[in-house]
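Input: a single structure, listed below in structure tokens.
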Amino acid sequence: MRDLQASPRKFVLRGFLLLALTASACIAGAPEGIRRQTDGDEEDPLINFDGGVPPIDAAPDIPNADPYAVIGADPTHGPFTGGQRVLLRGNGFAAATRVWFGEVEADTSTMLPIDPTRLQIVAPKGSAGPVTLTVQKGDDESTRRSLPGGYAYDALYAAPSSGPVAGGTVVEIAGDGTSWGPGTVVKIGGKPCTTQTVNGPTSITCTVPKGTPGAKPVAVDAGDGQPIVVLDAYTYEDSTNGFKGGLSGDLLAGKLKVLVYNNFTGDPIPGAHVIVGSSLPSALVKQVDSTGVTLFDDPSLSGPRTVTIAAKCHSPISFVDVPVDTVTVYLDPVLSPACVADGDPPPVGGKPGAGGGIRGELVWTGNVEFKKSPWINVPAPAPGERQAAYVFHATQDPTASFQLPHPSTAILPDTPGELGYQFQLGSSAGNRALYALAGVETTNTVPTKFTAYAMGMVQGVSVQPGVFTEQVYIVMDRSLDQALTMNVTPPAPGPKGPDRVRATVSVMLGNDGYAILPAGVKTPLLPLAGPIPFVGLPALDGSLFGATYHSTARAVTGAQASAPMSVVGRLLSTSTAEGLVVEGFVGVPTLNTPVSGAAWDGRHLATTFGAGGSAIDLSVYDIASGGGLIRWTVVVPKGSHAVEVPDLSGFPFPSGGLPGGPVTIGVYGARVEKFSYGALRYRDIRPSGMSAYALDYFNVFL
């Protein structure tokens, strides 16, 4: 076997459980059920590519011979970036316990001793490979105990770490101590990436292949037959994260490759038409083959070209002025009787189940160690009220409105628990972040009014398909006593609006999502009377150290917060000491061609944006016809413009064009962080990926 201390190779999860306990440690030998790293490769029969990781007993019986010990960790591995919740087993744990992962001491503010044999803590950053777990009571070195190889830092991780079963998600595989080069091959779930680019010795960009629900291994082979494997590094789930499709490659210079897939199933769309050019009579036109790919090799492709893809029973898409040589598209199928074949509707995806669950306790710390404490930071209820707490998953939408779960799911002061108050909830597979809110709610009003006073959070909770992750503890140590003010400079309204501001503040929990708070949304009318206050936010210390306030402001129209609108979608801050200045709104669009209410020739589009707005990176047309049944997306770099797109009437519906009749054209003008049109992703053409945008809708007809 290769020396795992010196090499980052071969990090399979079931490893790291046999290696260290054969060496000298604070206990005589390996407890029942504990195993260490082996040298098995990705074809090892213990690796289940469809089901994730075999269960491992990380909670063995605690030996009684030594009053101080560390004998195991759950989970046994995690990313070298740290941040994962780890449950340690041993003896002699207390509030004064210190924990080291290798040479790095973990932050004691993230530690919760549950009882003398269990301790929850967050892993610090580390270097790839197994490390020694060390515990010690304060400065008393006589209590120092170590477990060689007790935890392992994975040599790679994928970001994002989850995506849809259809595949197509573009991820970065980041390595530590790796030497990746041109011959390196990445496999996810045993399947090679559909495309990949080696960015450097520690970075690879990879397009995820189609898969099945659940956690999957990522294997990277640098060509030496010694792949690095992390079993649960990527999770296929029902996801619309948008990190897929778009533009990539080198500058367009005579060759162009176009890949066309179904957005829901990930299957190729044979026969889809690819039109290269803005005018159909002079354009280059090909159909994709059975693999969903077509190649153009023509000297005329010496600069940016408009690329349009249209397929039977699928919504078309156009990219204007494509500057690179690879276009990857995922077309939405059209659910129409005209598309039914042999009595079956077209495939439109679904929600494959690959979930698990989480059980744990909400913990209030008191003066007596290892004892259940009362809700000291929640006021006593008045008549018609009760104290209640709820547990939430971090959400991917920072602008969402707070929604209280059903009252029957509340955790109450009389809820049983060992150290705290028990909770249970379902979860999709992968690494998850949870937060909890405790407060006072009414029992005699409809709807229930909930006022939150306390908050807790835990990150890096590893959830495997079909099983519960147990003993997850959320410390309720954050008081919601902070106030943030937002100074908004809204855009100039047009004749249709906007007429009010919808401002939001949420807590960004690193890369794990956002905590939505009851006091996180305000909707004052324009003109504003002054700064917008948000009262009831947590201080970003303790368990929330490293979190960030995420603020947005939308100038919207009407009580439904509809278009015309202009949105500043991502302002980050870590302090409430100074007012947050919100400016840089994009001017509201005006569609000049076609004129609103008039006929459209299906070819020409021209738009200007309101004066005084910030610069625009990208314009997106969302052209809907057939009552919204089919939508043509047209993507244009920059802001105000006039463009020509191919006339798709030569591909009548359902062959790929739009049906005649009323058409609604939505126009976005967007600013995108770190924008590069040649590296455009589907996420960039949607509001979720835009740092600021303006939107309005216009009615025309074909």
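Scheme for the structure tokens: letters A, B, ... for chains in order shown; per-chain residue numbers from 1; ligand numbers from 1 in order shown.
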
Checklist entry - In range 337-490 of chain A, what's strand (DSSP E or B) per DSSP? Answer as a ChimeraX atom specification? => result /A:341,344,355-363,385-393,395,411,421-428,430-442,450-463,468-475,478-479,482-488

Output as a tab-separated table one row per residue of range 113-195 of chain A within 8 Å of range 70-77 of chain A: the closest atom pair and its distance in Å to one decimal place, counting only C-alpha atoms, sorted by chain and residue number ascending.
```
residue	atom	partner	partner_atom	distance
A:Leu133	CA	A:Val70	CA	7.4
A:Thr134	CA	A:Val70	CA	7.3
A:Val135	CA	A:Val70	CA	6.8
A:Arg145	CA	A:Val70	CA	6.5
A:Ser146	CA	A:Val70	CA	6.4
A:Leu147	CA	A:Val70	CA	6.2
A:Gly150	CA	A:Gly72	CA	6.0
A:Tyr151	CA	A:Thr76	CA	5.1
A:Ala152	CA	A:His77	CA	4.6
A:Tyr153	CA	A:His77	CA	5.7
A:Asp154	CA	A:His77	CA	6.6
```

Selected residues written out with N, CA and C atoms, as a JSON list (two decimals), in the first residue's frame:
```
[["chain", "number", "residue", "atom", "x", "y", "z"],
["A", 133, "LEU", "N", -6.50, 12.70, 15.30],
["A", 133, "LEU", "CA", -7.43, 13.42, 16.16],
["A", 133, "LEU", "C", -6.86, 13.46, 17.56],
["A", 134, "THR", "N", -6.76, 14.65, 18.13],
["A", 134, "THR", "CA", -6.20, 14.81, 19.46],
["A", 134, "THR", "C", -7.16, 15.62, 20.32],
["A", 135, "VAL", "N", -7.35, 15.16, 21.56],
["A", 135, "VAL", "CA", -8.19, 15.90, 22.52],
["A", 135, "VAL", "C", -7.38, 16.12, 23.78],
["A", 145, "ARG", "N", -4.92, 12.87, 24.57],
["A", 145, "ARG", "CA", -5.07, 11.56, 23.95],
["A", 145, "ARG", "C", -5.20, 11.75, 22.44],
["A", 146, "SER", "N", -4.71, 10.77, 21.68],
["A", 146, "SER", "CA", -4.70, 10.90, 20.22],
["A", 146, "SER", "C", -5.18, 9.63, 19.55],
["A", 147, "LEU", "N", -5.76, 9.81, 18.39],
["A", 147, "LEU", "CA", -6.18, 8.70, 17.54],
["A", 147, "LEU", "C", -5.58, 8.90, 16.16],
["A", 150, "GLY", "N", -7.64, 9.24, 12.69],
["A", 150, "GLY", "CA", -9.04, 9.25, 13.11],
["A", 150, "GLY", "C", -9.96, 10.03, 12.20],
["A", 151, "TYR", "N", -9.41, 10.93, 11.39],
["A", 151, "TYR", "CA", -10.20, 11.71, 10.44],
["A", 151, "TYR", "C", -9.36, 11.87, 9.18],
["A", 152, "ALA", "N", -10.01, 12.02, 8.04],
["A", 152, "ALA", "CA", -9.29, 12.17, 6.77],
["A", 152, "ALA", "C", -9.86, 13.35, 5.99],
["A", 153, "TYR", "N", -8.96, 14.17, 5.49],
["A", 153, "TYR", "CA", -9.35, 15.24, 4.59],
["A", 153, "TYR", "C", -9.31, 14.71, 3.16],
["A", 154, "ASP", "N", -10.45, 14.81, 2.47],
["A", 154, "ASP", "CA", -10.52, 14.36, 1.08],
["A", 154, "ASP", "C", -9.58, 15.19, 0.22]]
```

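Across the model, the gap from CA of Phe101 in chain A to CA of Asp221 in chain A is 27.4 Å.
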
Counting only C-alpha atoms, the residue among A:Gly189, A:Pro374, A:Gly460, A:Gly168 that lies closest to Leu419 in chain A is A:Pro374

Residue contacts of Gly102 in chain A (9 Å, only C-alpha atoms) excluding same-chain residues fewer than 2 positions away, as number ranges by chain:
A: 100, 104-105, 126, 130-134, 148-149, 151

Show me, as an NGL selection string, the residues that have an atom within 7 Å of Tyr621 in chain A when counting only C-alpha atoms, minus same-chain residues fewer than 4 positions from it.
:A and (633-635 or 665-668)

Please write the residues from the selection above to a file, keeping all heavy atoms, as a compact mmCIF listing (two decimals), in the first residue's frame.
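The new file part-v4.txt reads:
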```txt
# COMPACT_ATOMS: atom_id res chain seq x y z
N THR A 633 -36.04 31.53 -25.99
CA THR A 633 -35.10 32.35 -25.24
C THR A 633 -34.05 32.90 -26.20
O THR A 633 -33.43 32.15 -26.96
CB THR A 633 -34.41 31.53 -24.14
OG1 THR A 633 -35.40 30.97 -23.28
CG2 THR A 633 -33.47 32.38 -23.33
N VAL A 634 -33.87 34.21 -26.17
CA VAL A 634 -32.86 34.88 -27.01
C VAL A 634 -31.91 35.61 -26.08
O VAL A 634 -32.33 36.46 -25.28
CB VAL A 634 -33.50 35.85 -28.01
CG1 VAL A 634 -32.42 36.55 -28.84
CG2 VAL A 634 -34.50 35.13 -28.92
N VAL A 635 -30.62 35.27 -26.15
CA VAL A 635 -29.60 35.83 -25.27
C VAL A 635 -28.70 36.76 -26.07
O VAL A 635 -28.16 36.37 -27.11
CB VAL A 635 -28.77 34.69 -24.63
CG1 VAL A 635 -27.75 35.27 -23.66
CG2 VAL A 635 -29.68 33.68 -23.93
N ILE A 665 -43.52 39.07 -24.72
CA ILE A 665 -42.07 39.17 -24.73
C ILE A 665 -41.61 39.79 -23.42
O ILE A 665 -41.90 40.96 -23.14
CB ILE A 665 -41.55 40.00 -25.92
CG1 ILE A 665 -42.00 39.38 -27.24
CG2 ILE A 665 -40.03 40.10 -25.88
CD1 ILE A 665 -41.56 40.16 -28.47
N GLY A 666 -40.92 38.99 -22.59
CA GLY A 666 -40.28 39.52 -21.40
C GLY A 666 -38.86 39.92 -21.73
O GLY A 666 -38.14 39.18 -22.41
N VAL A 667 -38.44 41.10 -21.27
CA VAL A 667 -37.10 41.60 -21.57
C VAL A 667 -36.36 41.84 -20.26
O VAL A 667 -36.82 42.61 -19.40
CB VAL A 667 -37.15 42.91 -22.38
CG1 VAL A 667 -35.74 43.37 -22.73
CG2 VAL A 667 -37.98 42.74 -23.65
N TYR A 668 -35.22 41.15 -20.12
CA TYR A 668 -34.33 41.35 -18.98
C TYR A 668 -33.09 42.12 -19.44
O TYR A 668 -32.53 41.84 -20.50
CB TYR A 668 -33.84 40.01 -18.42
CG TYR A 668 -34.85 39.15 -17.75
CD1 TYR A 668 -35.64 38.27 -18.49
CD2 TYR A 668 -35.01 39.17 -16.36
CE1 TYR A 668 -36.57 37.43 -17.86
CE2 TYR A 668 -35.93 38.35 -15.73
CZ TYR A 668 -36.70 37.48 -16.48
OH TYR A 668 -37.62 36.67 -15.87
```

### Query
So which residues touch range 420-431 of chain A within 8 Å, counting only C-alpha atoms, skipping near sequence neighbours fewer than 6 positions away, as a ChimeraX atom specification?
/A:161-162,214-215,232,234-235,237,354-364,372-373,391,411-413,459-465

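Each of A:Ser479, A:Ser302, A:Asn487, A:Thr593 was compared to Ser551 in chain A using only C-alpha atoms, and A:Asn487 turns out to be the nearest.
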
Spatial neighbours of Asp512 in chain A, 12 Å, only C-alpha atoms, chain gap at least 5 places, as an mmCIF file with N, CA, C and O atoms, in the first residue's frame:
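Generated output (part.cif):
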```cif
data_model
loop_
_atom_site.group_PDB
_atom_site.id
_atom_site.type_symbol
_atom_site.label_atom_id
_atom_site.label_comp_id
_atom_site.auth_asym_id
_atom_site.auth_seq_id
_atom_site.Cartn_x
_atom_site.Cartn_y
_atom_site.Cartn_z
ATOM 1 N N GLY A 83 -15.185 22.910 7.640
ATOM 2 C CA GLY A 83 -16.563 23.373 7.736
ATOM 3 C C GLY A 83 -17.585 22.290 7.981
ATOM 4 O O GLY A 83 -18.773 22.584 8.093
ATOM 5 N N GLN A 84 -17.164 21.032 8.089
ATOM 6 C CA GLN A 84 -18.112 19.943 8.277
ATOM 7 C C GLN A 84 -18.325 19.647 9.757
ATOM 8 O O GLN A 84 -17.397 19.658 10.556
ATOM 9 N N ALA A 159 -17.622 21.513 -6.768
ATOM 10 C CA ALA A 159 -18.426 22.699 -6.499
ATOM 11 C C ALA A 159 -19.096 23.169 -7.788
ATOM 12 O O ALA A 159 -18.398 23.475 -8.750
ATOM 13 N N PRO A 160 -20.449 23.174 -7.837
ATOM 14 C CA PRO A 160 -21.348 22.737 -6.771
ATOM 15 C C PRO A 160 -21.281 21.230 -6.586
ATOM 16 O O PRO A 160 -20.839 20.502 -7.479
ATOM 17 N N SER A 161 -21.754 20.751 -5.429
ATOM 18 C CA SER A 161 -21.646 19.332 -5.094
ATOM 19 C C SER A 161 -22.922 18.562 -5.392
ATOM 20 O O SER A 161 -23.032 17.391 -5.026
ATOM 21 N N SER A 162 -23.890 19.192 -6.046
ATOM 22 C CA SER A 162 -25.129 18.498 -6.395
ATOM 23 C C SER A 162 -25.712 19.098 -7.657
ATOM 24 O O SER A 162 -25.375 20.217 -8.044
ATOM 25 N N HIS A 393 -34.428 23.906 6.675
ATOM 26 C CA HIS A 393 -33.297 23.727 5.778
ATOM 27 C C HIS A 393 -32.885 25.095 5.237
ATOM 28 O O HIS A 393 -33.736 25.957 4.965
ATOM 29 N N ALA A 394 -31.590 25.301 5.061
ATOM 30 C CA ALA A 394 -31.135 26.479 4.340
ATOM 31 C C ALA A 394 -31.709 26.427 2.924
ATOM 32 O O ALA A 394 -31.740 25.383 2.287
ATOM 33 N N THR A 395 -32.205 27.564 2.448
ATOM 34 C CA THR A 395 -32.824 27.623 1.129
ATOM 35 C C THR A 395 -31.856 28.208 0.114
ATOM 36 O O THR A 395 -30.881 28.878 0.481
ATOM 37 N N GLN A 396 -32.122 27.951 -1.159
ATOM 38 C CA GLN A 396 -31.283 28.500 -2.221
ATOM 39 C C GLN A 396 -31.794 29.838 -2.742
ATOM 40 O O GLN A 396 -31.167 30.442 -3.605
ATOM 41 N N ASP A 397 -32.933 30.313 -2.216
ATOM 42 C CA ASP A 397 -33.511 31.587 -2.658
ATOM 43 C C ASP A 397 -33.412 32.601 -1.526
ATOM 44 O O ASP A 397 -34.191 32.552 -0.565
ATOM 45 N N PRO A 398 -32.469 33.531 -1.587
ATOM 46 C CA PRO A 398 -32.301 34.488 -0.492
ATOM 47 C C PRO A 398 -33.423 35.512 -0.397
ATOM 48 O O PRO A 398 -33.519 36.216 0.607
ATOM 49 N N GLY A 430 -26.864 14.562 0.619
ATOM 50 C CA GLY A 430 -25.783 15.508 0.412
ATOM 51 C C GLY A 430 -25.387 16.162 1.717
ATOM 52 O O GLY A 430 -25.839 15.777 2.797
ATOM 53 N N ASN A 431 -24.522 17.166 1.650
ATOM 54 C CA ASN A 431 -24.154 17.936 2.834
ATOM 55 C C ASN A 431 -25.134 19.077 3.002
ATOM 56 O O ASN A 431 -25.294 19.911 2.107
ATOM 57 N N ARG A 432 -25.756 19.150 4.164
ATOM 58 C CA ARG A 432 -26.843 20.092 4.369
ATOM 59 C C ARG A 432 -26.541 21.047 5.528
ATOM 60 O O ARG A 432 -25.795 20.717 6.449
ATOM 61 N N ALA A 433 -27.151 22.226 5.476
ATOM 62 C CA ALA A 433 -27.110 23.197 6.565
ATOM 63 C C ALA A 433 -28.519 23.365 7.110
ATOM 64 O O ALA A 433 -29.486 23.455 6.350
ATOM 65 N N LEU A 434 -28.636 23.387 8.432
ATOM 66 C CA LEU A 434 -29.913 23.587 9.105
ATOM 67 C C LEU A 434 -29.826 24.823 9.991
ATOM 68 O O LEU A 434 -28.753 25.163 10.506
ATOM 69 N N TYR A 435 -30.953 25.476 10.181
ATOM 70 C CA TYR A 435 -31.028 26.521 11.194
ATOM 71 C C TYR A 435 -32.350 26.388 11.927
ATOM 72 O O TYR A 435 -33.315 25.799 11.420
ATOM 73 N N MET A 457 -27.642 27.318 14.379
ATOM 74 C CA MET A 457 -27.312 26.850 13.038
ATOM 75 C C MET A 457 -26.271 25.753 13.121
ATOM 76 O O MET A 457 -25.409 25.750 14.009
ATOM 77 N N VAL A 458 -26.364 24.783 12.206
ATOM 78 C CA VAL A 458 -25.327 23.771 12.057
ATOM 79 C C VAL A 458 -25.123 23.517 10.571
ATOM 80 O O VAL A 458 -26.086 23.448 9.807
ATOM 81 N N GLN A 459 -23.863 23.421 10.142
ATOM 82 C CA GLN A 459 -23.527 23.167 8.744
ATOM 83 C C GLN A 459 -22.805 21.836 8.607
ATOM 84 O O GLN A 459 -22.382 21.219 9.588
ATOM 85 N N GLY A 460 -22.669 21.399 7.359
ATOM 86 C CA GLY A 460 -21.904 20.198 7.092
ATOM 87 C C GLY A 460 -22.530 18.942 7.638
ATOM 88 O O GLY A 460 -21.826 18.030 8.074
ATOM 89 N N VAL A 461 -23.864 18.848 7.602
ATOM 90 C CA VAL A 461 -24.552 17.641 8.048
ATOM 91 C C VAL A 461 -24.640 16.689 6.857
ATOM 92 O O VAL A 461 -25.318 16.978 5.865
ATOM 93 N N VAL A 507 -29.656 35.547 5.954
ATOM 94 C CA VAL A 507 -28.311 35.219 6.431
ATOM 95 C C VAL A 507 -27.727 34.172 5.502
ATOM 96 O O VAL A 507 -28.283 33.074 5.355
ATOM 97 N N ALA A 547 -20.720 33.672 8.720
ATOM 98 C CA ALA A 547 -21.923 33.920 7.919
ATOM 99 C C ALA A 547 -21.941 35.378 7.466
ATOM 100 O O ALA A 547 -21.134 36.207 7.900
ATOM 101 N N THR A 548 -22.886 35.715 6.580
ATOM 102 C CA THR A 548 -22.951 37.040 5.976
ATOM 103 C C THR A 548 -24.406 37.461 5.821
ATOM 104 O O THR A 548 -25.263 36.637 5.525
#
```

For Ala519 in chain A, list every protein, DNA or RNA residue within 8 Å, evaluated using only C-alpha atoms, and leave out those in the same chain fewer than 4 positions away; present the list as a tab-separated table (two decimals) with N, CA and C atoms, in the first residue's frame.
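Once everything was written out, this is result-v1.tsv:
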```tsv
chain	number	residue	atom	x	y	z
A	534	PHE	N	-34.59	46.97	9.38
A	534	PHE	CA	-34.83	45.54	9.62
A	534	PHE	C	-34.40	45.24	11.05
A	535	VAL	N	-35.37	44.94	11.90
A	535	VAL	CA	-35.10	44.66	13.31
A	535	VAL	C	-35.40	43.18	13.57
A	536	GLY	N	-34.44	42.48	14.17
A	536	GLY	CA	-34.63	41.07	14.46
A	536	GLY	C	-33.66	40.18	13.71
A	537	LEU	N	-32.42	40.66	13.55
A	537	LEU	CA	-31.38	39.87	12.90
A	537	LEU	C	-30.40	39.35	13.96
```

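Relative to CA of Phe609 in chain A, CA of Gly597 in chain A is found at 19.0 Å.
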
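Remark: for Pro533 in chain A, the closest of the candidate residues A:Ala515, A:Ala483, A:Leu301, A:Ala380 is A:Ala483 (distances computed over only C-alpha atoms).
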
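Shortest atom-to-atom contact with Ser248 in chain A among A:Thr576, A:Thr207, A:Asn262, A:Gln226: A:Thr207, counting only C-alpha atoms.
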
Expressed in Å, the length from CA of Leu571 in chain A to CA of His550 in chain A is 5.7 Å
